[in-house]
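Data from target.txt: compact mmCIF, C-alpha atoms
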# COMPACT_ATOMS: atom_id res chain seq x y z
CA MET A 1 0.00 0.00 0.00
CA ALA A 2 1.35 3.41 -0.99
CA LYS A 3 2.73 5.51 1.84
CA HIS A 4 1.65 9.16 2.06
CA ASP A 5 2.92 10.17 5.49
CA TRP A 6 6.66 10.42 4.97
CA GLN A 7 8.55 12.34 7.63
CA LEU A 8 11.60 14.35 6.62
CA ASP A 9 13.88 12.31 8.87
CA GLU A 10 12.73 9.08 7.18
CA VAL A 11 13.60 10.45 3.76
CA LYS A 12 16.99 11.72 4.95
CA GLU A 13 17.71 8.22 6.29
CA LEU A 14 17.12 6.81 2.82
CA PHE A 15 19.48 9.36 1.29
CA ASN A 16 22.12 8.44 3.89
CA LEU A 17 22.08 4.70 3.15
CA PRO A 18 25.24 3.13 1.74
CA PHE A 19 24.97 3.46 -2.04
CA ALA A 20 24.74 -0.28 -2.70
CA ASP A 21 21.98 -0.72 -0.11
CA LEU A 22 20.01 2.21 -1.53
CA ILE A 23 20.25 0.89 -5.09
CA TYR A 24 19.21 -2.59 -3.90
CA GLN A 25 16.08 -1.20 -2.21
CA ALA A 26 15.21 0.93 -5.22
CA GLN A 27 15.72 -1.90 -7.72
CA THR A 28 13.62 -4.22 -5.56
CA ALA A 29 10.75 -1.69 -5.48
CA HIS A 30 11.14 -1.14 -9.21
CA ARG A 31 10.91 -4.85 -10.07
CA GLN A 32 7.79 -5.21 -7.94
CA ASN A 33 5.98 -2.65 -10.10
CA PHE A 34 7.62 -2.52 -13.54
CA ASP A 35 9.52 -4.50 -16.13
CA PRO A 36 13.10 -3.54 -15.12
CA ASN A 37 14.34 -3.63 -18.71
CA THR A 38 11.74 -1.34 -20.29
CA VAL A 39 11.88 2.45 -20.50
CA GLN A 40 9.12 4.76 -21.69
CA LEU A 41 9.97 7.35 -24.36
CA SER A 42 8.35 10.79 -24.36
CA THR A 43 8.97 13.83 -26.54
CA LEU A 44 8.73 17.43 -25.36
CA LEU A 45 7.90 20.31 -27.69
CA SER A 46 7.86 24.01 -26.82
CA ILE A 47 4.67 25.24 -28.46
CA LYS A 48 5.08 28.80 -27.15
CA THR A 49 8.57 29.91 -26.22
CA GLY A 50 9.82 32.82 -24.08
CA GLY A 51 8.20 35.96 -22.74
CA CYS A 52 7.21 34.43 -19.39
CA PRO A 53 6.59 36.98 -16.58
CA GLU A 54 7.69 34.57 -13.83
CA ASP A 55 11.12 35.03 -12.23
CA CYS A 56 12.21 31.37 -11.88
CA LYS A 57 15.95 31.83 -11.50
CA TYR A 58 16.82 28.79 -13.63
CA CYS A 59 14.63 29.59 -16.62
CA PRO A 60 15.92 31.15 -19.87
CA GLN A 61 12.32 31.89 -20.90
CA SER A 62 11.80 34.48 -18.15
CA ILE A 63 11.55 38.13 -19.22
CA HIS A 64 13.62 39.01 -16.15
CA TYR A 65 16.87 37.63 -17.63
CA ASP A 66 18.83 38.35 -20.78
CA THR A 67 19.57 34.95 -22.28
CA GLY A 68 19.35 35.85 -25.95
CA LEU A 69 16.09 33.96 -26.36
CA ASN A 70 13.59 35.53 -28.74
CA PRO A 71 9.93 34.97 -27.73
CA ASP A 72 7.75 33.07 -30.19
CA PRO A 73 3.95 32.91 -30.42
CA LEU A 74 1.89 29.73 -30.11
CA MET A 75 2.84 27.26 -32.83
CA PRO A 76 0.32 26.59 -35.62
CA LEU A 77 -1.57 23.30 -35.52
CA ASP A 78 0.10 21.90 -38.65
CA ASP A 79 3.58 22.43 -37.17
CA VAL A 80 2.61 20.74 -33.92
CA LEU A 81 1.12 17.79 -35.78
CA ALA A 82 4.26 17.41 -37.88
CA ALA A 83 6.34 17.27 -34.70
CA ALA A 84 3.96 14.77 -33.12
CA ARG A 85 4.10 12.47 -36.14
CA ASN A 86 7.88 12.67 -36.15
CA ALA A 87 7.97 11.83 -32.43
CA LYS A 88 5.71 8.81 -32.93
CA ALA A 89 7.84 7.60 -35.84
CA GLY A 90 10.83 7.82 -33.51
CA GLY A 91 9.23 5.55 -30.92
CA ALA A 92 7.71 8.08 -28.52
CA THR A 93 4.41 7.06 -26.94
CA ARG A 94 3.72 10.34 -25.11
CA PHE A 95 3.84 13.81 -26.64
CA CYS A 96 4.32 16.68 -24.20
CA MET A 97 3.65 20.31 -25.13
CA GLY A 98 4.99 23.23 -23.09
CA ALA A 99 4.01 26.88 -23.23
CA ALA A 100 5.80 29.66 -21.34
CA TRP A 101 2.83 31.22 -19.59
CA ARG A 102 2.31 32.17 -15.97
CA SER A 103 -1.34 31.22 -16.36
CA PRO A 104 -2.98 30.86 -19.78
CA THR A 105 -6.08 32.84 -20.69
CA TYR A 106 -9.32 31.01 -21.42
CA SER A 107 -8.77 31.66 -25.12
CA GLN A 108 -5.27 30.21 -24.97
CA VAL A 109 -6.56 27.13 -23.15
CA ASN A 110 -9.13 26.62 -25.92
CA GLN A 111 -6.37 26.82 -28.52
CA VAL A 112 -4.29 24.24 -26.66
CA ALA A 113 -7.37 22.03 -26.31
CA ASP A 114 -7.54 21.88 -30.11
CA LEU A 115 -3.88 20.82 -30.21
CA ILE A 116 -4.54 18.10 -27.62
CA SER A 117 -7.42 16.65 -29.63
CA ALA A 118 -5.36 16.63 -32.82
CA VAL A 119 -2.35 14.95 -31.19
CA LYS A 120 -4.59 12.30 -29.60
CA ASP A 121 -5.95 11.53 -33.05
CA GLU A 122 -2.37 10.60 -34.02
CA GLY A 123 -2.43 7.84 -31.40
CA LEU A 124 -0.18 9.49 -28.82
CA GLU A 125 -0.68 10.10 -25.12
CA THR A 126 -0.89 13.82 -24.44
CA CYS A 127 0.70 15.95 -21.76
CA VAL A 128 0.87 19.74 -21.48
CA THR A 129 2.50 22.24 -19.14
CA LEU A 130 0.98 25.70 -19.32
CA GLY A 131 1.40 27.24 -15.87
CA MET A 132 -1.29 27.76 -13.26
CA LEU A 133 -4.85 26.61 -13.90
CA ASP A 134 -8.23 27.18 -12.29
CA GLU A 135 -11.11 24.70 -12.28
CA VAL A 136 -12.68 25.92 -15.53
CA LYS A 137 -9.44 25.84 -17.52
CA THR A 138 -8.58 22.40 -16.16
CA GLN A 139 -11.99 21.06 -17.12
CA THR A 140 -11.58 22.39 -20.66
CA LEU A 141 -8.34 20.44 -21.00
CA ALA A 142 -9.96 17.33 -19.54
CA GLU A 143 -12.82 17.53 -22.02
CA ALA A 144 -10.27 17.73 -24.85
CA GLY A 145 -8.97 14.36 -23.67
CA LEU A 146 -5.75 15.47 -21.96
CA GLU A 147 -4.12 12.55 -20.16
CA TYR A 148 -1.28 14.24 -18.22
CA TYR A 149 -0.62 17.72 -16.88
CA ASN A 150 2.91 18.67 -15.85
CA HIS A 151 3.32 21.15 -13.02
CA ASN A 152 6.55 20.74 -11.06
CA LEU A 153 7.06 21.75 -7.44
CA ASP A 154 10.70 22.51 -8.33
CA THR A 155 12.17 22.15 -4.82
CA SER A 156 11.31 21.94 -1.13
CA PRO A 157 8.94 24.46 0.49
CA ASP A 158 11.84 25.81 2.58
CA TYR A 159 14.10 26.52 -0.40
CA TYR A 160 11.38 27.57 -2.83
CA GLY A 161 11.58 31.29 -2.04
CA ASP A 162 15.22 31.32 -3.13
CA ILE A 163 14.18 30.08 -6.58
CA ILE A 164 10.99 31.99 -7.42
CA THR A 165 9.03 34.87 -5.91
CA THR A 166 6.24 35.42 -8.46
CA ARG A 167 4.29 32.26 -7.60
CA THR A 168 3.80 30.61 -4.23
CA TYR A 169 4.20 26.96 -3.34
CA GLN A 170 0.50 26.88 -2.52
CA ASP A 171 -0.27 28.17 -6.04
CA ARG A 172 1.45 25.09 -7.39
CA LEU A 173 -0.36 22.74 -5.02
CA ASP A 174 -3.70 24.34 -5.94
CA THR A 175 -3.10 23.69 -9.65
CA LEU A 176 -2.22 20.07 -8.90
CA ARG A 177 -5.47 19.72 -6.97
CA HIS A 178 -7.49 21.12 -9.90
CA VAL A 179 -5.75 18.70 -12.27
CA ARG A 180 -6.44 15.70 -10.05
CA ASP A 181 -10.06 16.74 -9.45
CA ALA A 182 -10.62 16.95 -13.22
CA GLY A 183 -9.47 13.34 -13.67
CA ILE A 184 -6.22 14.23 -15.42
CA LYS A 185 -3.08 12.33 -14.44
CA VAL A 186 -0.40 14.30 -12.65
CA CYS A 187 3.18 14.75 -13.88
CA CYS A 188 5.08 16.47 -11.10
CA GLY A 189 8.70 16.50 -10.01
CA GLY A 190 11.47 18.98 -9.53
CA ILE A 191 14.96 20.24 -10.29
CA VAL A 192 18.10 19.36 -8.37
CA GLY A 193 21.51 21.00 -8.49
CA MET A 194 20.16 24.50 -7.82
CA GLY A 195 22.34 25.07 -4.76
CA GLU A 196 19.87 23.25 -2.50
CA SER A 197 20.89 20.97 0.36
CA ARG A 198 20.25 17.25 0.62
CA LYS A 199 17.58 18.17 3.17
CA ASP A 200 15.84 20.19 0.44
CA ARG A 201 15.99 17.28 -1.97
CA ALA A 202 14.45 15.11 0.74
CA GLY A 203 11.83 17.80 1.37
CA LEU A 204 10.85 17.90 -2.32
CA LEU A 205 10.37 14.13 -2.48
CA ALA A 206 8.40 14.15 0.77
CA GLN A 207 6.03 16.76 -0.70
CA LEU A 208 5.52 14.66 -3.82
CA ALA A 209 5.04 11.36 -2.01
CA ASN A 210 2.69 12.90 0.55
CA LEU A 211 0.24 14.20 -2.04
CA PRO A 212 -3.17 12.48 -1.71
CA GLU A 213 -2.18 10.37 -4.72
CA HIS A 214 1.36 9.87 -5.97
CA PRO A 215 2.01 11.60 -9.31
CA GLU A 216 1.77 9.07 -12.10
CA SER A 217 4.90 10.61 -13.58
CA VAL A 218 7.79 12.11 -11.57
CA PRO A 219 10.36 14.00 -13.68
CA ILE A 220 13.73 14.46 -11.97
CA ASN A 221 15.65 17.28 -13.66
CA MET A 222 19.30 18.15 -13.19
CA LEU A 223 19.79 21.89 -13.52
CA VAL A 224 21.00 23.02 -16.94
CA ARG A 225 22.91 26.25 -16.38
CA VAL A 226 21.98 28.88 -18.94
CA GLU A 227 24.14 31.99 -19.25
CA GLY A 228 22.20 35.07 -18.23
CA THR A 229 20.13 33.36 -15.53
CA PRO A 230 21.07 33.55 -11.83
CA ALA A 231 21.27 29.75 -11.88
CA SER A 232 24.34 29.88 -14.12
CA GLU A 233 26.39 30.69 -11.01
CA TRP A 234 24.97 27.99 -8.73
CA GLU A 235 26.91 25.01 -7.53
CA GLY A 236 25.57 21.73 -8.83
CA ILE A 237 25.57 18.21 -7.40
CA SER A 238 27.52 15.08 -8.26
CA GLN A 239 26.11 12.39 -10.50
CA ILE A 240 26.11 10.02 -7.54
CA GLU A 241 23.92 12.43 -5.56
CA PHE A 242 21.57 12.70 -8.54
CA ILE A 243 21.36 8.91 -8.75
CA ARG A 244 20.60 8.81 -5.02
CA THR A 245 17.72 11.22 -5.64
CA VAL A 246 16.32 8.96 -8.37
CA ALA A 247 16.62 5.91 -6.11
CA VAL A 248 14.87 7.59 -3.18
CA ALA A 249 12.08 8.76 -5.51
CA ARG A 250 11.61 5.16 -6.71
CA ILE A 251 11.42 3.80 -3.16
CA MET A 252 8.95 6.48 -2.02
CA MET A 253 6.75 6.37 -5.13
CA PRO A 254 7.14 2.76 -6.28
CA SER A 255 4.37 2.69 -8.88
CA SER A 256 5.12 6.08 -10.49
CA PHE A 257 7.11 6.52 -13.67
CA VAL A 258 10.36 8.22 -12.67
CA ARG A 259 11.66 10.21 -15.61
CA LEU A 260 15.17 11.38 -16.37
CA SER A 261 14.44 14.82 -17.76
CA ALA A 262 16.68 17.86 -18.22
CA GLY A 263 20.40 17.57 -17.65
CA ARG A 264 21.17 14.22 -19.24
CA THR A 265 23.73 15.93 -21.48
CA GLU A 266 25.66 16.72 -18.29
CA MET A 267 25.78 13.04 -17.31
CA THR A 268 28.03 10.22 -18.45
CA LEU A 269 26.50 7.16 -20.06
CA GLU A 270 27.53 5.22 -16.96
CA GLY A 271 25.70 7.73 -14.78
CA GLN A 272 22.54 7.34 -16.84
CA ALA A 273 22.88 3.54 -16.67
CA LEU A 274 22.99 3.75 -12.87
CA CYS A 275 19.85 5.90 -12.93
CA PHE A 276 18.01 3.10 -14.76
CA LEU A 277 19.35 0.65 -12.19
CA ALA A 278 18.05 3.00 -9.48
CA GLY A 279 14.52 2.82 -10.92
CA ALA A 280 14.26 5.48 -13.61
CA ASN A 281 12.02 4.14 -16.36
CA SER A 282 11.16 7.09 -18.56
CA ILE A 283 13.17 9.61 -20.58
CA PHE A 284 12.59 12.48 -22.93
CA CYS A 285 13.95 11.61 -26.36
CA GLY A 286 14.78 14.14 -29.05
CA ASP A 287 17.54 16.69 -29.39
CA LYS A 288 15.87 19.49 -27.40
CA LEU A 289 13.87 20.02 -24.19
CA LEU A 290 11.95 23.27 -24.58
CA THR A 291 15.07 25.45 -24.94
CA THR A 292 17.90 23.26 -23.60
CA PRO A 293 19.82 20.43 -25.31
CA ASN A 294 19.06 16.74 -24.92
CA PRO A 295 20.96 13.63 -26.11
CA GLU A 296 20.20 12.67 -29.69
CA LYS A 297 17.88 9.72 -30.19
CA ASN A 298 20.53 7.48 -31.74
CA GLU A 299 22.69 7.97 -28.62
CA ASP A 300 19.81 6.80 -26.43
CA MET A 301 19.13 3.79 -28.62
CA GLN A 302 22.79 2.81 -28.54
CA LEU A 303 22.81 3.02 -24.74
CA PHE A 304 19.60 0.98 -24.54
CA GLU A 305 21.13 -1.69 -26.77
CA GLU A 306 24.21 -1.91 -24.55
CA LEU A 307 22.05 -2.20 -21.43
CA GLY A 308 19.47 -4.58 -22.89
CA ILE A 309 16.68 -2.02 -22.43
CA THR A 310 13.63 -2.00 -24.67
CA PRO A 311 11.54 1.14 -25.29
CA SER A 312 8.01 0.54 -24.03
CA VAL A 313 5.19 0.27 -26.54
CA ALA A 314 2.56 1.89 -24.32
What does this structure look like when you write it as structure tokens?
Amino acid sequence: MAKHDWQLDEVKELFNLPFADLIYQAQTAHRQNFDPNTVQLSTLLSIKTGGCPEDCKYCPQSIHYDTGLNPDPLMPLDDVLAAARNAKAGGATRFCMGAAWRSPTYSQVNQVADLISAVKDEGLETCVTLGMLDEVKTQTLAEAGLEYYNHNLDTSPDYYGDIITTRTYQDRLDTLRHVRDAGIKVCCGGIVGMGESRKDRAGLLAQLANLPEHPESVPINMLVRVEGTPASEWEGISQIEFIRTVAVARIMMPSSFVRLSAGRTEMTLEGQALCFLAGANSIFCGDKLLTTPNPEKNEDMQLFEELGITPSVA
């Protein structure tokens, strides 16, 4: 039975386990819930880039930082469909669309709803990340057939104010509640390597695991430092610490998909292999994640072949 009452000290104890013991626990939990040699492939497309009024200190799409990014309007339907078809041809089963909004207008939500319906008609699972939602906007997306909504908590409640000031932690939790109430599956994780402590990483995972229902998808991002953002000066974490974070997430949320998201270009192939051993079973494929680089698909397929991993078919 899923546990939803994690105490911070319990999570810190997991992080502090000897590495071999932690990986053993995570791999055991993983095998109890998933095929250990199968990884889900998703593709992420930025359908509206830049011009975001939020001040997330890691984000090159914020209007508060000069990163050389030129804002683009919402992509036309035909362009989105072409990208979706290309993603499906490449083996992706889920197509995720991201728009750099603080909170979309009702008109913008209706436009995205049309994109969702069209992508579903291509036989792909759909996921979007659009910022904060209210009940009406969430219901519109649900009626369009949206399967997943991504809305990350980013970090622990204690460290959150050091990362963003234009949106509260409760704002994020409220959006997650609207998504869950509308019957849409939740994709929610965070970013590590933003100068946070291990206690903060434990605090983030405790928040996720203590939600009324575990997120069906938990993306774990390693910070990608972009010149011009405050985050470009932050001290990161080691690959071993990142792998520990993946393993603890798997133990705490055993039936969730744990996704390696941003930052894989900063990792060695051996580091990524250990993440799969630690229970990661989903990746973003394709050469770009919104605005930051991602390993090319042939690199992922070569790694999968070496590890005996098969992309999932559903």
Q: Dig up all the protein and nucleic acid residues within 8 Å of (15.9, 20.2, -4.2) in the file frame, using only C-alpha atoms, and format them as number ranges by chain.
A: A: 154-156, 159, 190-194, 196-204
Q: Find the residues around Thr310 (chain A) up to 12 Å (all atoms listed in the file counted), leave out those fewer than 3 positions away in its own chain, and share them as an NGL selection string.
A: :A and (35-41 or 91 or 276 or 281-282 or 300-307 or 313-314)
Q: Name the residues in contact with Gly263 (chain A) at a cut-off of 7 Å, using only C-alpha atoms, excluding same-chain residues fewer than 6 positions from it; report them as a PyMOL selection string.
A: chain A and resi 221-224
**Q.** Contacts of Arg102 (chain A) within 9 Å, only C-alpha atoms, excl. fewer than 6 positions in-chain, as a VMD selection string
**A.** chain A and resid 52 to 54 130 to 132 167
Q.
Just checking: using all atoms listed in the file, which residue out of A:Ala231, A:Leu124, A:Cys275, A:Leu260 ends up closest to Thr67 (chain A)?
A. A:Ala231
Q. If you measure from CA of His4 (chain A) to CA of Leu146 (chain A), what distance in Å do you get, rounded to one decimal?
A.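 Between these atoms lies a distance of 25.9 Å.
Residue nearest Pro254 (chain A), chosen from A:Ile283, A:Val218, A:Ile163, A:Ala142 and counting only C-alpha atoms: A:Val218.
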